[in-house]
Each structure stands twice: as C-alpha cells, then as structure tokens.
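As stored in structure_19.tsv (TSV, C-alpha atoms):
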```tsv
chain	number	residue	atom	x	y	z
A	1	MET	CA	-188.42	-161.52	-155.07
A	2	SER	CA	-191.95	-162.50	-155.96
A	3	LYS	CA	-193.65	-165.26	-154.06
A	4	ILE	CA	-193.68	-168.92	-155.06
A	5	ASN	CA	-196.81	-171.03	-154.82
A	6	LEU	CA	-195.85	-174.67	-154.36
A	7	ILE	CA	-199.06	-176.17	-155.77
A	8	GLU	CA	-198.94	-173.95	-158.85
A	9	LYS	CA	-195.37	-175.01	-159.45
A	10	PHE	CA	-196.28	-178.71	-159.15
A	11	ASN	CA	-198.96	-178.19	-161.79
A	12	LEU	CA	-196.23	-177.27	-164.28
A	13	PHE	CA	-194.85	-180.80	-164.54
A	14	SER	CA	-195.84	-184.41	-164.11
A	15	ASP	CA	-192.68	-186.47	-164.66
A	16	LYS	CA	-191.37	-188.51	-161.75
A	17	TRP	CA	-187.87	-188.44	-160.24
A	18	SER	CA	-187.10	-185.26	-162.14
A	19	PRO	CA	-186.47	-182.38	-159.71
A	20	LYS	CA	-187.27	-178.83	-160.80
A	21	ILE	CA	-185.65	-175.78	-159.22
A	22	ILE	CA	-188.10	-173.22	-157.83
A	23	ALA	CA	-185.90	-170.99	-155.67
A	24	GLN	CA	-182.36	-170.17	-154.69
A	25	LEU	CA	-181.15	-169.22	-151.19
A	26	ASN	CA	-177.53	-168.09	-151.41
A	27	ASP	CA	-175.90	-171.12	-153.09
A	28	TYR	CA	-178.68	-173.55	-152.17
A	29	HIS	CA	-181.48	-174.73	-154.42
A	30	PHE	CA	-185.08	-175.52	-153.50
A	31	LYS	CA	-186.41	-178.25	-155.79
A	32	LEU	CA	-189.81	-179.83	-156.22
A	33	VAL	CA	-190.02	-183.47	-157.22
A	34	ARG	CA	-192.73	-186.06	-157.78
A	35	ILE	CA	-191.64	-189.57	-156.83
A	36	GLN	CA	-193.14	-193.01	-157.22
A	37	GLY	CA	-191.52	-196.43	-156.98
A	38	ASP	CA	-187.92	-197.14	-156.13
A	39	PHE	CA	-184.99	-194.81	-156.67
A	40	THR	CA	-181.28	-195.64	-156.79
A	41	TRP	CA	-179.16	-196.32	-153.72
A	42	HIS	CA	-176.72	-193.42	-153.49
A	43	LYS	CA	-174.98	-190.97	-151.20
A	44	HIS	CA	-173.79	-187.38	-151.30
A	45	ASP	CA	-170.24	-187.25	-150.01
A	46	ASN	CA	-170.13	-183.48	-149.55
A	47	THR	CA	-173.53	-182.42	-148.35
A	48	ASP	CA	-176.53	-183.16	-146.21
A	49	GLU	CA	-179.87	-183.18	-148.02
A	50	VAL	CA	-183.31	-182.16	-146.77
A	51	PHE	CA	-186.55	-183.85	-147.85
A	52	ILE	CA	-189.88	-182.23	-146.89
A	53	ILE	CA	-193.00	-184.23	-147.73
A	54	LEU	CA	-195.60	-181.83	-149.11
A	55	ASP	CA	-198.14	-184.43	-150.18
A	56	GLY	CA	-198.31	-188.20	-149.81
A	57	GLN	CA	-196.12	-190.77	-148.16
A	58	MET	CA	-192.58	-191.92	-148.83
A	59	ARG	CA	-190.11	-194.27	-147.24
A	60	MET	CA	-186.45	-193.43	-146.78
A	61	ASP	CA	-184.38	-196.57	-146.80
A	62	TYR	CA	-181.03	-196.56	-145.07
A	63	GLU	CA	-178.82	-199.63	-144.95
A	64	ASP	CA	-179.88	-200.32	-141.37
A	65	GLU	CA	-183.29	-198.65	-141.11
A	66	GLN	CA	-186.45	-197.67	-142.98
A	67	ILE	CA	-188.27	-194.45	-142.11
A	68	ILE	CA	-191.85	-193.75	-143.21
A	69	LEU	CA	-192.51	-190.07	-143.89
A	70	ASN	CA	-195.94	-188.51	-144.33
A	71	THR	CA	-197.22	-185.10	-145.40
A	72	GLY	CA	-195.81	-182.43	-143.09
A	73	GLU	CA	-192.75	-184.41	-142.10
A	74	MET	CA	-189.13	-183.84	-143.06
A	75	ILE	CA	-185.80	-185.59	-142.79
A	76	VAL	CA	-182.17	-184.58	-143.06
A	77	VAL	CA	-180.10	-187.22	-144.84
A	78	PRO	CA	-176.55	-186.78	-143.52
A	79	LYS	CA	-173.70	-186.44	-145.97
A	80	GLY	CA	-172.02	-189.70	-146.83
A	81	LYS	CA	-175.02	-191.82	-145.80
A	82	ASN	CA	-176.36	-194.31	-148.34
A	83	HIS	CA	-180.08	-193.85	-148.89
A	84	LYS	CA	-182.84	-194.87	-151.25
A	85	PRO	CA	-186.14	-192.97	-151.47
A	86	PHE	CA	-189.24	-195.04	-152.24
A	87	ALA	CA	-192.94	-194.26	-152.61
A	88	GLU	CA	-195.70	-196.75	-153.26
A	89	LYS	CA	-198.05	-194.04	-154.57
A	90	GLU	CA	-196.96	-190.72	-155.98
A	91	ALA	CA	-195.61	-188.33	-153.36
A	92	LYS	CA	-194.68	-184.67	-153.75
A	93	LEU	CA	-191.50	-183.46	-152.10
A	94	LEU	CA	-189.51	-180.31	-151.52
A	95	LEU	CA	-185.75	-180.91	-151.60
A	96	ILE	CA	-183.17	-178.46	-150.27
A	97	GLU	CA	-179.50	-178.92	-151.05
A	98	PRO	CA	-176.53	-177.00	-152.47
A	99	ALA	CA	-176.82	-175.94	-156.11
A	100	GLY	CA	-175.18	-178.53	-158.33
A	101	THR	CA	-176.01	-181.50	-156.11
A	102	LEU	CA	-176.57	-184.48	-158.42
A	103	ASN	CA	-179.83	-186.33	-157.74
A	104	THR	CA	-178.12	-189.72	-157.80
A	105	GLY	CA	-175.09	-188.55	-155.81
A	106	ASP	CA	-172.17	-190.93	-156.33
A	107	LYS	CA	-174.08	-193.09	-158.82
A	108	LYS	CA	-174.83	-192.54	-162.49
A	109	ASP	CA	-177.68	-194.44	-164.07
A	110	SER	CA	-180.98	-193.89	-165.86
A	111	PHE	CA	-182.25	-191.78	-162.94
A	112	THR	CA	-179.37	-189.32	-163.17
A	113	LYS	CA	-180.38	-185.79	-164.15
A	114	GLU	CA	-177.32	-183.80	-165.13
A	115	GLU	CA	-179.37	-180.76	-166.07
A	116	ILE	CA	-182.07	-179.48	-163.74
A	117	GLU	CA	-184.69	-177.12	-165.10
A	118	TRP	CA	-185.91	-173.97	-163.36
A	119	ILE	CA	-189.68	-173.65	-163.33
B	1	MET	CA	-181.44	-188.84	-138.65
B	2	SER	CA	-184.93	-189.40	-137.37
B	3	LYS	CA	-187.82	-187.66	-139.02
B	4	ILE	CA	-189.28	-184.34	-137.93
B	5	ASN	CA	-193.02	-183.73	-137.77
B	6	LEU	CA	-193.74	-180.04	-138.23
B	7	ILE	CA	-197.11	-180.00	-136.46
B	8	GLU	CA	-195.73	-181.89	-133.47
B	9	LYS	CA	-192.89	-179.40	-133.25
B	10	PHE	CA	-195.30	-176.43	-133.34
B	11	ASN	CA	-197.21	-177.96	-130.45
B	12	LEU	CA	-194.09	-177.61	-128.29
B	13	PHE	CA	-194.29	-173.81	-128.11
B	14	SER	CA	-196.76	-170.97	-128.33
B	15	ASP	CA	-194.72	-167.77	-128.09
B	16	LYS	CA	-194.70	-165.43	-131.05
B	17	TRP	CA	-191.70	-164.06	-132.93
B	18	SER	CA	-189.46	-166.59	-131.20
B	19	PRO	CA	-187.95	-168.97	-133.76
B	20	LYS	CA	-187.05	-172.51	-132.69
B	21	ILE	CA	-184.49	-174.63	-134.50
B	22	ILE	CA	-185.77	-178.01	-135.69
B	23	ALA	CA	-183.08	-179.17	-138.12
B	24	GLN	CA	-179.65	-178.45	-139.51
B	25	LEU	CA	-178.56	-178.88	-143.15
B	26	ASN	CA	-174.78	-178.38	-143.34
B	27	ASP	CA	-174.42	-174.90	-141.80
B	28	TYR	CA	-178.04	-173.89	-142.33
B	29	HIS	CA	-180.82	-173.95	-139.76
B	30	PHE	CA	-184.48	-174.77	-140.25
B	31	LYS	CA	-186.59	-172.79	-137.78
B	32	LEU	CA	-190.27	-172.77	-136.92
B	33	VAL	CA	-191.87	-169.53	-135.83
B	34	ARG	CA	-195.34	-168.30	-134.90
B	35	ILE	CA	-195.93	-164.70	-135.89
B	36	GLN	CA	-198.69	-162.19	-135.25
B	37	GLY	CA	-198.68	-158.41	-135.59
B	38	ASP	CA	-195.83	-156.28	-136.80
B	39	PHE	CA	-192.16	-157.16	-136.66
B	40	THR	CA	-189.16	-154.85	-136.92
B	41	TRP	CA	-187.86	-153.41	-140.19
B	42	HIS	CA	-184.46	-155.00	-140.76
B	43	LYS	CA	-182.13	-156.57	-143.28
B	44	HIS	CA	-179.54	-159.32	-143.40
B	45	ASP	CA	-176.43	-157.98	-145.07
B	46	ASN	CA	-174.78	-161.35	-145.63
B	47	THR	CA	-177.54	-163.78	-146.48
B	48	ASP	CA	-180.80	-164.41	-148.25
B	49	GLU	CA	-183.62	-165.75	-146.09
B	50	VAL	CA	-186.44	-168.16	-146.98
B	51	PHE	CA	-189.94	-167.96	-145.50
B	52	ILE	CA	-192.36	-170.85	-146.13
B	53	ILE	CA	-195.92	-170.32	-144.91
B	54	LEU	CA	-197.10	-173.56	-143.33
B	55	ASP	CA	-200.37	-172.25	-141.92
B	56	GLY	CA	-202.12	-168.92	-142.17
B	57	GLN	CA	-201.42	-165.70	-143.99
B	58	MET	CA	-198.66	-163.15	-143.68
B	59	ARG	CA	-197.59	-160.01	-145.46
B	60	MET	CA	-194.00	-159.27	-146.35
B	61	ASP	CA	-193.44	-155.53	-146.49
B	62	TYR	CA	-190.60	-154.18	-148.57
B	63	GLU	CA	-189.92	-150.47	-148.86
B	64	ASP	CA	-191.54	-150.38	-152.29
B	65	GLU	CA	-193.96	-153.32	-152.21
B	66	GLN	CA	-196.18	-155.50	-150.03
B	67	ILE	CA	-196.55	-159.21	-150.77
B	68	ILE	CA	-199.37	-161.32	-149.30
B	69	LEU	CA	-198.35	-164.92	-148.64
B	70	ASN	CA	-200.74	-167.76	-147.87
B	71	THR	CA	-200.33	-171.37	-146.75
B	72	GLY	CA	-198.21	-173.25	-149.27
B	73	GLU	CA	-196.38	-170.19	-150.52
B	74	MET	CA	-192.78	-169.16	-149.99
B	75	ILE	CA	-190.55	-166.18	-150.58
B	76	VAL	CA	-186.82	-165.58	-150.72
B	77	VAL	CA	-185.87	-162.27	-149.11
B	78	PRO	CA	-182.63	-161.21	-150.83
B	79	LYS	CA	-179.65	-160.27	-148.72
B	80	GLY	CA	-179.41	-156.58	-147.98
B	81	LYS	CA	-183.11	-155.94	-148.61
B	82	ASN	CA	-185.08	-154.19	-145.90
B	83	HIS	CA	-188.17	-156.15	-144.94
B	84	LYS	CA	-190.84	-156.34	-142.27
B	85	PRO	CA	-193.00	-159.42	-141.74
B	86	PHE	CA	-196.58	-158.85	-140.59
B	87	ALA	CA	-199.53	-161.11	-139.83
B	88	GLU	CA	-203.00	-159.97	-138.80
B	89	LYS	CA	-203.84	-163.38	-137.32
B	90	GLU	CA	-201.31	-165.91	-136.13
B	91	ALA	CA	-199.37	-167.57	-138.92
B	92	LYS	CA	-196.95	-170.48	-138.73
B	93	LEU	CA	-193.77	-170.28	-140.76
B	94	LEU	CA	-190.70	-172.33	-141.62
B	95	LEU	CA	-187.56	-170.20	-141.94
B	96	ILE	CA	-184.37	-171.37	-143.60
B	97	GLU	CA	-181.16	-169.40	-143.23
B	98	PRO	CA	-177.53	-169.85	-142.19
B	99	ALA	CA	-176.93	-170.85	-138.56
B	100	GLY	CA	-176.31	-167.76	-136.48
B	101	THR	CA	-178.54	-165.46	-138.53
B	102	LEU	CA	-180.04	-162.95	-136.09
B	103	ASN	CA	-183.83	-162.67	-136.37
B	104	THR	CA	-183.72	-158.87	-136.41
B	105	GLY	CA	-180.71	-158.69	-138.75
B	106	ASP	CA	-179.03	-155.30	-138.49
B	107	LYS	CA	-181.40	-154.10	-135.75
B	108	LYS	CA	-181.44	-154.81	-132.03
B	109	ASP	CA	-184.63	-154.25	-130.11
B	110	SER	CA	-187.17	-156.09	-127.98
B	111	PHE	CA	-187.75	-158.61	-130.79
B	112	THR	CA	-184.09	-159.62	-130.95
B	113	LYS	CA	-183.41	-163.23	-129.93
B	114	GLU	CA	-179.71	-163.73	-129.37
B	115	GLU	CA	-180.19	-167.32	-128.26
B	116	ILE	CA	-182.33	-169.66	-130.32
B	117	GLU	CA	-183.54	-172.88	-128.73
B	118	TRP	CA	-183.49	-176.29	-130.41
B	119	ILE	CA	-186.77	-178.17	-130.04
```

As structure tokens, what does this structure read like?
Amino acid sequence: MSKINLIEKFNLFSDKWSPKIIAQLNDYHFKLVRIQGDFTWHKHDNTDEVFIILDGQMRMDYEDEQIILNTGEMIVVPKGKNHKPFAEKEAKLLLIEPAGTLNTGDKKDSFTKEEIEWI
Amino acid sequence: MSKINLIEKFNLFSDKWSPKIIAQLNDYHFKLVRIQGDFTWHKHDNTDEVFIILDGQMRMDYEDEQIILNTGEMIVVPKGKNHKPFAEKEAKLLLIEPAGTLNTGDKKDSFTKEEIEWI
C-alpha cells in the first residue's frame, strides 16, 4: 500500500528490454522497461497491452503503420495485432498488461524473459 | 489504435472530480481526472484501484495513515480499503480500474458520477 516512485524504481536497473514489475492491480502487472534498438515482431493473442512513454521517444511498428510516441503519450496495442517496439535512443516506458503476459508474446527468442523480477 | 497524448486530453476539460475515459485495456479503463479539495470517504469492494500522479501533489488518506504523492508517483489502493483523496492545489491524475467502477465506490453523494464520458 505504500507509494511507488517511478524514477526511483528506474534507478534500480539499467538493462534494456527487461521489464521489471513495480505494482499489481487485481491480476494486472505494472512494469517498467528501458528500451533501445529493435525488438522482436510479436503479438499477444489474448490481451491488449498498454505502453506509456515516461521518458524519451519510441516508435511502434505495425505491419501497416508506424507510430511515433513521445514522453507523455500512450498507446493501446490491441490483442492479436503484430507489433514491434523500436527506440533510436533509450526510452523509459510503463507497461500495463495481465500478469503472466510474455514480453515476446507468440515468439520465443533471445529477447524472451520467462521470469520477470519485482523491484 | 492511435496514440493518446495525456496533456492534450487534459486540455479538453477543466472540471474537478469528474474522470474522463481516455483508453481501454481489455475490460479496464484509463481515466484522467483533475482533483482539488476533499473527496468522499469510500471503498471499492471488488477491485483495486491505481492512481498515478501526472502533475501536482495529492494526499491519500486511509483510516490509519496519510500518504503524500507527488508527480511521478503512484499508489495501488487495495480493494475493500476505505480511502479519501485530497489535494490542496489542483492535481492531475491517471486512474486505472475496471470499466464500470464507480468513482465514489460504496457511497453515493454529490461527487458520484454515474456516467463517465470518453474524451
């Protein structure tokens, strides 16, 4: 029940593409992640996924569109929709999705994080 | 699927204690709200509730504790826990909770908003 300071939590880690859980709302997790470069094309067949850009700029690639997102902007990636996050420089994001959602969705590769740490 | 700019959305309204829906994640709503002064003591018997402070300062009163929250901080109010938000000056918040969650929970009074507008 204590409060969570997002900047303090970001200072606890520096690795990229490795989400950390900071809070739980019913059966949903709030995760912080630092991203840079290209991620894996993937989709989540059973859930939407929210990205909130806390610092920096990212691009969400869909198969038919690219959307630039800056600090203070958010996007809901619909379930079943192929997407690929990208950031030229490091960006800091807040992700919100059901607990147990795999970061690479329907794909398994070197980006896949089976175990997500609470910080 | 288009992006949502939080500041632009806040510029669409000025009323206090009147949440506006800006996004849906599965069966959860993301709501922006401007708050100032004292709200109603209430609880949500069936859901946790997330408050993220986007601008300003607020205080979350519990029966046994008061928690000051500043910009960039968040709190999860557990289901069933009596709480009362307060802000001396206007603060801007992002709320995340299941669609249909009543703002005053188990209470009905002049703060109750039965209908929540999408913006």

Notebook entry, point to check: Within 9 Å of (-177.6, -193.5, -151.9), in the coordinates the file gives, what residues turn up when you count all atoms listed in the file, written out as a PyMOL selection string?
Noted result: chain A and resi 39-44+62+80-85+104-107

Next item on the list: Tell me which protein, DNA and RNA residues are within 9 Å of Glu97 (chain B), counting all atoms listed in the file, leaving out same-chain ones fewer than 6 positions away, and put them as a PyMOL selection string.
Entry: (chain A and resi 25) or (chain B and resi 27-31+47-50)

Check: For chain B against chain A, which residues fall within 7 Å using only C-alpha atoms, given as a list in words?
Finding: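 On the chain B side, the interface is Met1, Ser2, Lys3, Ile4, Asn5, Leu6, Leu25, Asn26, Thr47, Asp48, Glu49, Val50, Gly72, Glu73, Met74, Ile75, Val76 and Val77 of chain B.
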
Note to self: So the first atom is CA of Ala99 (chain A) and the second is CA of Met58 (chain A); what is the distance between them in Å, to one decimal place?
What the structure shows: 23.6 Å

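Coordinates place CA of Gly56 (chain B) at a distance of 7.6 Å from CA of Lys89 (chain B).
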
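The interatomic distance for the pair CA of Glu88 (chain A) and CA of Ser14 (chain A) works out to 16.4 Å.
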
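Of the listed residues B:Asp64, B:Asp55, B:Lys92, B:Phe10, the one whose atoms come nearest to Ile35 (chain B) is B:Lys92, with distances taken using all atoms listed in the file.
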
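Take the candidates A:Ile21, A:Val33, A:Leu102, A:Leu12 and check each one against Glu117 (chain A) using only C-alpha atoms; the shortest distance goes to A:Ile21.
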